[in-house]
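Here is input00.cif, consisting of mmCIF, C-alpha atoms and all ligand atoms:
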```cif
data_start
#
loop_
_atom_site.label_atom_id
_atom_site.label_comp_id
_atom_site.auth_asym_id
_atom_site.auth_seq_id
_atom_site.Cartn_x
_atom_site.Cartn_y
_atom_site.Cartn_z
CA MET T 1 13.07 -8.25 7.62
CA ILE T 2 10.02 -6.13 6.83
CA THR T 3 6.54 -7.31 7.86
CA THR T 4 3.54 -6.23 5.79
CA VAL T 5 0.04 -6.28 7.28
CA THR T 6 -2.95 -6.97 4.98
CA LEU T 7 -6.12 -7.58 6.98
CA ASN T 8 -8.48 -7.57 3.96
CA ALA T 9 -6.60 -9.79 1.48
CA SER T 10 -8.21 -11.13 -1.69
CA ILE T 11 -7.64 -13.28 -4.72
CA ASP T 12 -7.41 -10.68 -7.48
CA LYS T 13 -8.57 -11.88 -10.89
CA ALA T 14 -7.63 -9.74 -13.89
CA TYR T 15 -9.87 -10.66 -16.86
CA THR T 16 -8.90 -9.42 -20.30
CA VAL T 17 -12.02 -9.08 -22.44
CA ASN T 18 -11.47 -8.27 -26.11
CA GLY T 19 -13.96 -6.41 -28.28
CA LYS T 20 -17.11 -4.60 -27.25
CA MET T 21 -18.45 -5.13 -23.70
CA LYS T 22 -22.17 -5.92 -23.73
CA ASN T 23 -24.18 -6.07 -20.52
CA GLY T 24 -26.83 -8.79 -20.27
CA THR T 25 -24.95 -11.21 -22.56
CA VAL T 26 -22.30 -13.92 -22.14
CA MET T 27 -18.82 -12.43 -22.39
CA ARG T 28 -15.78 -14.63 -23.10
CA VAL T 29 -12.63 -13.92 -21.13
CA ALA T 30 -9.54 -13.94 -23.38
CA ALA T 31 -7.01 -14.19 -20.54
CA CYS T 32 -7.17 -14.48 -16.77
CA ARG T 33 -4.40 -13.67 -14.29
CA ASN T 34 -4.80 -14.49 -10.60
CA SER T 35 -2.70 -12.79 -7.96
CA ALA T 36 -2.56 -12.46 -4.18
CA GLY T 37 -4.36 -9.14 -3.74
CA GLY T 38 -4.81 -6.49 -1.11
CA LYS T 39 -2.67 -3.38 -0.81
CA GLY T 40 -0.25 -4.89 1.70
CA LEU T 41 0.51 -7.77 -0.65
CA ASN T 42 1.42 -5.30 -3.42
CA VAL T 43 3.77 -3.77 -0.84
CA ALA T 44 5.23 -7.22 -0.07
CA ARG T 45 5.91 -7.99 -3.75
CA ILE T 46 7.71 -4.66 -4.18
CA ILE T 47 9.89 -5.26 -1.10
CA LYS T 48 10.83 -8.67 -2.47
CA LEU T 49 11.64 -7.15 -5.89
CA CYS T 50 13.83 -4.56 -4.12
CA GLY T 51 15.86 -7.50 -2.78
CA ALA T 52 14.85 -7.14 0.87
CA GLU T 53 13.47 -9.85 3.15
CA VAL T 54 9.72 -9.69 3.68
CA LYS T 55 6.97 -11.51 5.56
CA ALA T 56 3.25 -11.04 4.83
CA THR T 57 0.62 -11.30 7.52
CA GLY T 58 -3.11 -10.68 8.07
CA PHE T 59 -6.16 -12.93 7.82
CA VAL T 60 -6.90 -15.73 5.33
CA GLY T 61 -9.71 -18.25 5.24
CA GLY T 62 -11.12 -21.23 3.34
CA TYR T 63 -9.96 -22.55 -0.03
CA ASN T 64 -9.30 -19.06 -1.36
CA GLY T 65 -7.08 -18.45 1.67
CA LYS T 66 -5.08 -21.59 0.85
CA TYR T 67 -4.84 -20.48 -2.79
CA LEU T 68 -3.63 -17.03 -1.71
CA GLU T 69 -0.87 -18.63 0.36
CA HIS T 70 0.03 -20.80 -2.65
CA LEU T 71 0.30 -17.70 -4.88
CA LEU T 72 2.61 -16.09 -2.31
CA ASP T 73 4.71 -19.29 -2.21
CA GLU T 74 5.05 -19.05 -6.01
CA ASP T 75 6.33 -15.48 -5.59
CA GLN T 76 8.64 -16.75 -2.80
CA ILE T 77 7.10 -14.39 -0.27
CA ALA T 78 7.17 -15.71 3.31
CA HIS T 79 3.83 -15.49 5.12
CA ASP T 80 2.25 -16.10 8.49
CA PHE T 81 -1.50 -15.43 8.36
CA THR T 82 -4.11 -15.95 11.07
CA GLU T 83 -6.66 -18.41 9.73
CA VAL T 84 -10.34 -17.46 10.00
CA GLN T 85 -13.57 -19.44 9.54
CA GLY T 86 -14.84 -17.33 6.62
CA GLU T 87 -13.64 -17.52 3.00
CA THR T 88 -11.05 -15.05 1.64
CA ARG T 89 -12.78 -12.83 -0.95
CA SER T 90 -12.13 -12.56 -4.69
CA CYS T 91 -11.95 -9.27 -6.56
CA ILE T 92 -12.41 -9.10 -10.33
CA ASN T 93 -10.87 -6.46 -12.57
CA ILE T 94 -12.14 -6.48 -16.16
CA LEU T 95 -9.60 -5.05 -18.55
CA ASN T 96 -11.02 -3.89 -21.84
CA GLU T 97 -9.89 -1.47 -24.53
CA GLU T 98 -13.02 0.69 -24.31
CA PHE T 99 -13.60 0.85 -20.54
CA LYS T 100 -9.99 0.23 -19.43
CA SER T 101 -10.61 -1.15 -15.93
CA THR T 102 -13.91 -2.14 -14.27
CA GLU T 103 -13.61 -3.61 -10.80
CA TYR T 104 -16.01 -5.87 -8.89
CA LEU T 105 -14.96 -6.08 -5.24
CA GLU T 106 -16.53 -8.72 -3.00
CA PRO T 107 -17.37 -7.47 0.49
CA GLY T 108 -15.21 -10.14 2.12
CA CYS T 109 -15.96 -12.42 5.02
CA ARG T 110 -16.62 -11.34 8.59
CA VAL T 111 -13.79 -11.78 11.06
CA GLU T 112 -14.99 -12.80 14.51
CA PRO T 113 -13.80 -11.05 17.72
CA GLU T 114 -11.96 -14.22 18.89
CA GLU T 115 -10.09 -14.35 15.55
CA GLU T 116 -9.09 -10.68 15.90
CA LYS T 117 -7.94 -11.40 19.49
CA LEU T 118 -5.79 -14.32 18.27
CA PHE T 119 -4.13 -12.10 15.67
CA LEU T 120 -3.43 -9.34 18.20
CA GLU T 121 -1.97 -11.82 20.71
CA HIS T 122 0.27 -13.30 18.01
CA PHE T 123 1.35 -9.89 16.63
CA PRO T 124 4.39 -9.28 18.93
CA GLN T 125 5.80 -12.67 17.96
CA LEU T 126 4.98 -12.02 14.28
CA ILE T 127 6.96 -8.80 14.10
CA ALA T 128 9.80 -9.74 16.47
CA GLY T 129 13.04 -9.17 14.55
CA SER T 130 11.40 -6.89 11.95
CA SER T 131 13.08 -3.59 11.18
CA VAL T 132 9.90 -2.00 9.74
CA VAL T 133 6.19 -2.87 9.71
CA THR T 134 3.83 -1.65 6.99
CA ILE T 135 0.05 -1.51 7.47
CA SER T 136 -2.07 -1.01 4.35
CA GLY T 137 -5.63 -0.76 3.18
CA SER T 138 -9.05 -1.53 4.58
CA ILE T 139 -10.22 -3.96 7.26
CA PRO T 140 -12.78 -6.76 7.01
CA GLU T 141 -16.21 -6.55 8.60
CA GLY T 142 -16.20 -7.43 12.29
CA ILE T 143 -12.78 -5.92 13.03
CA GLN T 144 -12.59 -3.00 15.50
CA GLN T 145 -11.99 0.39 13.88
CA ASP T 146 -9.01 1.06 16.18
CA ILE T 147 -7.07 -2.10 15.28
CA TYR T 148 -4.35 -0.18 13.43
CA GLY T 149 -3.81 1.95 16.56
CA LYS T 150 -3.35 -1.22 18.59
CA LEU T 151 -0.85 -2.64 16.07
CA ILE T 152 1.12 0.64 16.07
CA GLN T 153 1.22 0.61 19.89
CA ILE T 154 2.57 -2.95 19.93
CA ALA T 155 5.23 -2.15 17.31
CA ASP T 156 6.10 1.05 19.18
CA SER T 157 6.62 -0.84 22.43
CA MET T 158 9.12 -3.01 20.51
CA SER T 159 10.79 0.08 18.93
CA ILE T 160 9.76 -0.98 15.42
CA PRO T 161 8.73 1.88 13.07
CA VAL T 162 5.38 1.56 11.29
CA ILE T 163 4.38 2.93 7.88
CA LEU T 164 0.61 3.42 7.78
CA ASP T 165 -1.16 3.69 4.41
CA THR T 166 -4.91 3.73 4.74
CA SER T 167 -7.82 6.15 4.48
CA GLY T 168 -10.85 7.67 6.21
CA GLU T 169 -11.55 6.77 9.85
CA LEU T 170 -8.83 4.10 9.86
CA LEU T 171 -6.22 6.73 9.01
CA LYS T 172 -7.67 9.21 11.49
CA ASN T 173 -7.62 6.61 14.29
CA GLY T 174 -4.18 5.31 13.36
CA LEU T 175 -2.65 8.81 13.37
CA LYS T 176 -3.50 9.17 17.08
CA HIS T 177 -0.85 6.52 17.76
CA LYS T 178 1.88 8.28 15.76
CA PRO T 179 3.16 5.87 13.12
CA ALA T 180 6.69 6.66 11.88
CA MET T 181 5.40 7.43 8.37
CA VAL T 182 2.10 8.10 6.60
CA LYS T 183 1.64 8.40 2.84
CA PRO T 184 -1.79 9.78 2.01
CA ASN T 185 -2.56 10.76 -1.57
CA ARG T 186 -4.36 14.04 -2.31
CA ASP T 187 -7.89 12.58 -1.90
CA GLU T 188 -7.01 10.87 1.38
CA LEU T 189 -5.52 14.11 2.69
CA GLU T 190 -8.69 16.07 1.79
CA ILE T 191 -10.90 13.53 3.58
CA LEU T 192 -8.58 13.52 6.59
CA LEU T 193 -8.61 17.30 6.93
CA ASN T 194 -12.19 17.66 5.75
CA LYS T 195 -11.21 20.47 3.39
CA LYS T 196 -10.39 21.02 -0.27
CA ILE T 197 -6.69 21.07 -1.13
CA GLU T 198 -6.35 23.84 -3.72
CA ASP T 199 -2.62 24.19 -4.32
CA SER T 200 0.87 23.13 -3.30
CA ARG T 201 0.79 25.60 -0.40
CA ASP T 202 -2.24 23.79 1.09
CA ILE T 203 -0.46 20.45 0.67
CA LEU T 204 2.66 21.70 2.40
CA GLU T 205 0.73 23.28 5.27
CA ALA T 206 -1.22 20.06 5.83
CA ALA T 207 1.93 17.92 5.72
CA GLU T 208 3.76 20.21 8.14
CA GLU T 209 0.85 20.14 10.55
CA LEU T 210 0.80 16.33 10.50
CA GLN T 211 4.56 16.20 11.01
CA ARG T 212 4.37 18.61 13.96
CA SER T 213 1.72 16.36 15.53
CA GLY T 214 4.44 13.73 15.95
CA ILE T 215 4.65 11.78 12.66
CA ARG T 216 8.36 11.43 11.83
CA TYR T 217 7.94 11.30 8.03
CA VAL T 218 4.88 12.68 6.25
CA VAL T 219 4.76 11.89 2.53
CA ILE T 220 1.97 13.23 0.34
CA SER T 221 1.86 11.40 -2.98
CA LEU T 222 0.48 13.33 -5.93
CA GLY T 223 0.23 10.71 -8.69
CA GLY T 224 1.79 12.00 -11.92
CA ASP T 225 2.74 15.23 -10.13
CA GLY T 226 5.25 13.52 -7.83
CA ALA T 227 5.43 13.71 -4.05
CA VAL T 228 6.29 15.92 -1.08
CA MET T 229 7.98 14.71 2.10
CA VAL T 230 8.17 16.64 5.39
CA CYS T 231 10.44 15.49 8.22
CA ASP T 232 12.80 16.97 10.84
CA GLU T 233 15.50 17.29 8.18
CA GLY T 234 13.33 19.57 6.02
CA VAL T 235 10.85 19.62 3.15
CA PHE T 236 11.70 17.54 0.10
CA ARG T 237 9.89 17.56 -3.23
CA THR T 238 10.13 15.55 -6.40
CA GLN T 239 8.41 15.76 -9.78
CA ALA T 240 7.36 12.40 -11.24
CA PRO T 241 9.16 11.57 -14.47
CA LYS T 242 7.03 12.12 -17.57
CA LEU T 243 6.09 8.72 -18.87
CA GLU T 244 3.41 6.77 -20.77
CA ALA T 245 1.79 5.08 -17.77
CA VAL T 246 0.59 1.52 -18.41
CA ASN T 247 -1.14 0.88 -15.04
CA THR T 248 -0.93 3.31 -12.13
CA VAL T 249 -2.91 1.12 -9.70
CA GLY T 250 -0.64 0.26 -6.78
CA CYS T 251 1.85 3.09 -7.40
CA GLY T 252 1.22 4.26 -3.83
CA ASP T 253 1.69 0.72 -2.51
CA SER T 254 4.95 0.49 -4.46
CA MET T 255 6.07 3.76 -2.90
CA VAL T 256 5.29 2.40 0.59
CA GLY T 257 7.22 -0.82 -0.09
CA ALA T 258 10.22 1.13 -1.34
CA PHE T 259 10.09 3.50 1.66
CA ALA T 260 10.12 0.48 3.98
CA VAL T 261 13.24 -0.82 2.21
CA ALA T 262 14.83 2.65 2.34
CA MET T 263 14.07 2.89 6.07
CA GLU T 264 15.56 -0.55 6.70
CA LYS T 265 18.70 0.50 4.82
CA GLY T 266 18.96 3.69 6.89
CA MET T 267 18.92 6.01 3.87
CA LYS T 268 18.85 9.79 4.32
CA PRO T 269 15.44 11.48 3.71
CA GLU T 270 16.28 12.75 0.20
CA GLU T 271 17.68 9.34 -0.79
CA MET T 272 14.54 7.68 0.56
CA LEU T 273 12.27 9.92 -1.52
CA LYS T 274 14.36 9.47 -4.69
CA PHE T 275 14.42 5.68 -4.31
CA ALA T 276 10.69 5.39 -3.46
CA SER T 277 9.68 7.71 -6.32
CA ALA T 278 11.71 5.74 -8.86
CA VAL T 279 10.15 2.45 -7.72
CA ALA T 280 6.62 3.96 -7.71
CA SER T 281 7.00 5.43 -11.21
CA ALA T 282 8.54 2.17 -12.49
CA ASN T 283 5.39 0.41 -11.23
CA ALA T 284 3.33 2.73 -13.45
CA MET T 285 5.22 1.26 -16.44
CA SER T 286 4.29 -2.35 -15.60
CA PRO T 287 0.89 -3.87 -16.48
CA HIS T 288 0.92 -5.71 -13.14
CA THR T 289 0.19 -4.27 -9.70
CA GLY T 290 3.10 -4.23 -7.26
CA ASP T 291 5.63 -4.96 -9.97
CA PHE T 292 8.46 -3.17 -11.80
CA ASP T 293 11.22 -3.86 -14.27
CA PRO T 294 14.63 -3.21 -12.63
CA ALA T 295 15.96 -1.69 -15.89
CA VAL T 296 13.09 0.85 -15.90
CA PHE T 297 13.75 1.60 -12.22
CA HIS T 298 17.45 2.33 -12.91
CA ARG T 299 16.59 4.62 -15.84
CA LEU T 300 14.02 6.57 -13.78
CA PHE T 301 16.28 6.69 -10.70
CA ALA T 302 18.95 8.43 -12.77
CA GLU T 303 16.36 10.97 -13.96
CA ILE T 304 14.62 11.85 -10.68
CA ILE T 305 15.68 15.00 -8.87
CA VAL T 306 14.78 15.65 -5.24
CA GLU T 307 14.79 19.30 -4.21
CA LYS T 308 15.10 20.49 -0.65
CA ALA T 309 12.82 23.44 -0.04
CA ALA T 310 13.51 26.18 2.43
CA ILE T 311 11.16 25.91 5.44
N1 LIG T 401 1.34 8.81 -14.06
C1 LIG T 401 2.43 8.69 -13.31
N2 LIG T 401 3.64 8.97 -13.84
C2 LIG T 401 4.78 8.88 -13.11
N3 LIG T 401 4.79 8.51 -11.81
C3 LIG T 401 3.62 8.22 -11.21
C4 LIG T 401 2.37 8.29 -11.92
N4 LIG T 401 1.38 7.94 -11.08
C5 LIG T 401 1.96 7.67 -9.88
N5 LIG T 401 3.31 7.85 -9.96
C6 LIG T 401 4.29 7.68 -8.84
O1 LIG T 401 3.69 6.92 -7.82
C7 LIG T 401 3.57 7.68 -6.61
C8 LIG T 401 2.30 7.29 -5.88
O2 LIG T 401 1.19 7.51 -6.73
P1 LIG T 401 -0.25 7.94 -6.22
O3 LIG T 401 -0.21 9.27 -5.57
O4 LIG T 401 -1.17 7.77 -7.38
O5 LIG T 401 -0.53 6.83 -5.10
P2 LIG T 401 -1.91 6.19 -4.58
O6 LIG T 401 -3.07 7.05 -4.97
O7 LIG T 401 -1.73 5.93 -3.14
O8 LIG T 401 -1.95 4.80 -5.39
P3 LIG T 401 -2.51 3.35 -4.93
O9 LIG T 401 -3.31 3.53 -3.66
O10 LIG T 401 -3.28 2.86 -6.11
O11 LIG T 401 -1.33 2.47 -4.69
C9 LIG T 401 3.64 9.14 -7.07
O12 LIG T 401 4.08 9.99 -6.01
C10 LIG T 401 4.62 9.05 -8.23
O13 LIG T 401 5.96 8.98 -7.72
MG MG T 402 -2.80 4.55 -1.98
#
```
Is it possible to give me this structure as structure tokens?
Amino acid sequence: MITTVTLNASIDKAYTVNGKMKNGTVMRVAACRNSAGGKGLNVARIIKLCGAEVKATGFVGGYNGKYLEHLLDEDQIAHDFTEVQGETRSCINILNEEFKSTEYLEPGCRVEPEEEKLFLEHFPQLIAGSSVVTISGSIPEGIQQDIYGKLIQIADSMSIPVILDTSGELLKNGLKHKPAMVKPNRDELEILLNKKIEDSRDILEAAEELQRSGIRYVVISLGGDGAVMVCDEGVFRTQAPKLEAVNTVGCGDSMVGAFAVAMEKGMKPEEMLKFASAVASANAMSPHTGDFDPAVFHRLFAEIIVEKAAI
């Protein structure tokens, strides 16, 4: 069982708008697709698609919270959320030929200190029996900036590895507690180190430094350029397969979900990277976030080569 943590969940609404977008007028929506959103829920869907057992947790509230749980039920994803007084937010993504994707993200409701305390108290019970915990994305207003550190400490005390995928201060704070894996992309790495990453040498140096600080697996994802992984066993690199991407949003989340599955299965580092890269690239071929076609995955998996670099 893998547990995914999504503290800032949302109802994601994808609106398809045909023709020219005109501000200040009434626009008709041709199609609307609602899904349980938030990076950790993309991770959960991928884990389920990989055939592993998953449970989603975090905060939900109000009617939107109930709807989010219903959407997860439809996807047959088990969940155990802490209920809060506020209403779960909605996020709107307008898909249009001219502008591709335009997102409107609600700020989300405030989570009160007592609600955070309840979640933290329940966390050991929530993750008991899990082989891996993933923590993804941002946190709602009201939550302490060091919450991810606290969650990592709890998981650590239960010998459960954590994959942390977040950014900015949350990543910086979380790293102090040594999660088993981090997967920053290039931008997140630059913000973390507060310096420009110019070339692959900079990426490797940064990854090695993070790994030496006590992170077991450091993966730097590079979008269409593939990924680099540094661990005790060595440095592993992979090029992403060349493909006509349909929607690359959530490719990183897909990679995290696949890494969690790979970790649960006890794969070797190079197998982990190959598997996670194939799932992530297959997600780029699906119009939906946190989704892939198994046939596409198998084709890409056969194509992907992982190289071990000399250290
Ligand atoms: N255009 C692409 N073609 C092929 N593979 C891709 C492409 N974009 C992403 N991928 C795959 O997905 C992985 C993760 O992508 P990326 O670095 O964009 O993650 P991210 O920025 O964290 O994404 P997100 O946060 O939206 O989930 C890459 O390492 C690669 O394997
Ligand atoms: Mg990401």
Pick from T:Leu72, T:Ile220, T:Val133, T:Met21, whichever lies nearest to ligand MG 402 (chain T) using only C-alpha atoms and all ligand atoms: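 Among T:Leu72, T:Ile220, T:Val133, T:Met21, it is T:Ile220 that comes nearest to ligand MG 402 (chain T).
Proximity to Thr82 of chain T was assessed for T:Leu126, T:Leu105, T:Leu210, T:Leu95 counting all atoms listed in the file; the smallest distance is recorded for T:Leu126.
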7 Å shell around ligand MG 402 (chain T) using all atoms listed in the file, listed as a ChimeraX atom specification: /T:165,184-185,250,252-253
Smallest atom-to-atom distance to His122 of chain T: which of T:Asp156, T:Arg89, T:Phe81, T:Asn96, using all atoms listed in the file?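 Using all atoms listed in the file, the shortest distance to His122 of chain T belongs to T:Phe81.
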Point-to-point distance in Å for atom O13 of ligand LIG 401 (chain T) and atom CA of Ser277 of chain T: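 Spanning atom CA of Ser277 of chain T to atom O13 of ligand LIG 401 (chain T) is a straight-line distance of 4.2 Å.
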Gap from atom CA of Ile47 of chain T to atom CA of Pro140 of chain T - Å, one decimal: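 These two atoms are separated by 24.1 Å.
Nearest-residue note for Glu270 of chain T: choosing from T:His288, T:Lys13, T:Arg237, T:Arg299, the minimum distance belongs to T:Arg237, counting all atoms listed in the file.
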List as a PyMOL selection string the protein and nucleic acid residues lying within 7 Å of ligand LIG 401 (chain T), with all atoms listed in the file counted. chain T and resi 184-185+221-227+240-243+245+248-255+277-278+280-281+284
Pairwise distance for atom CA of Asn283 of chain T and atom CA of Lys183 of chain T, rounded to one decimal in Å: 16.6 Å
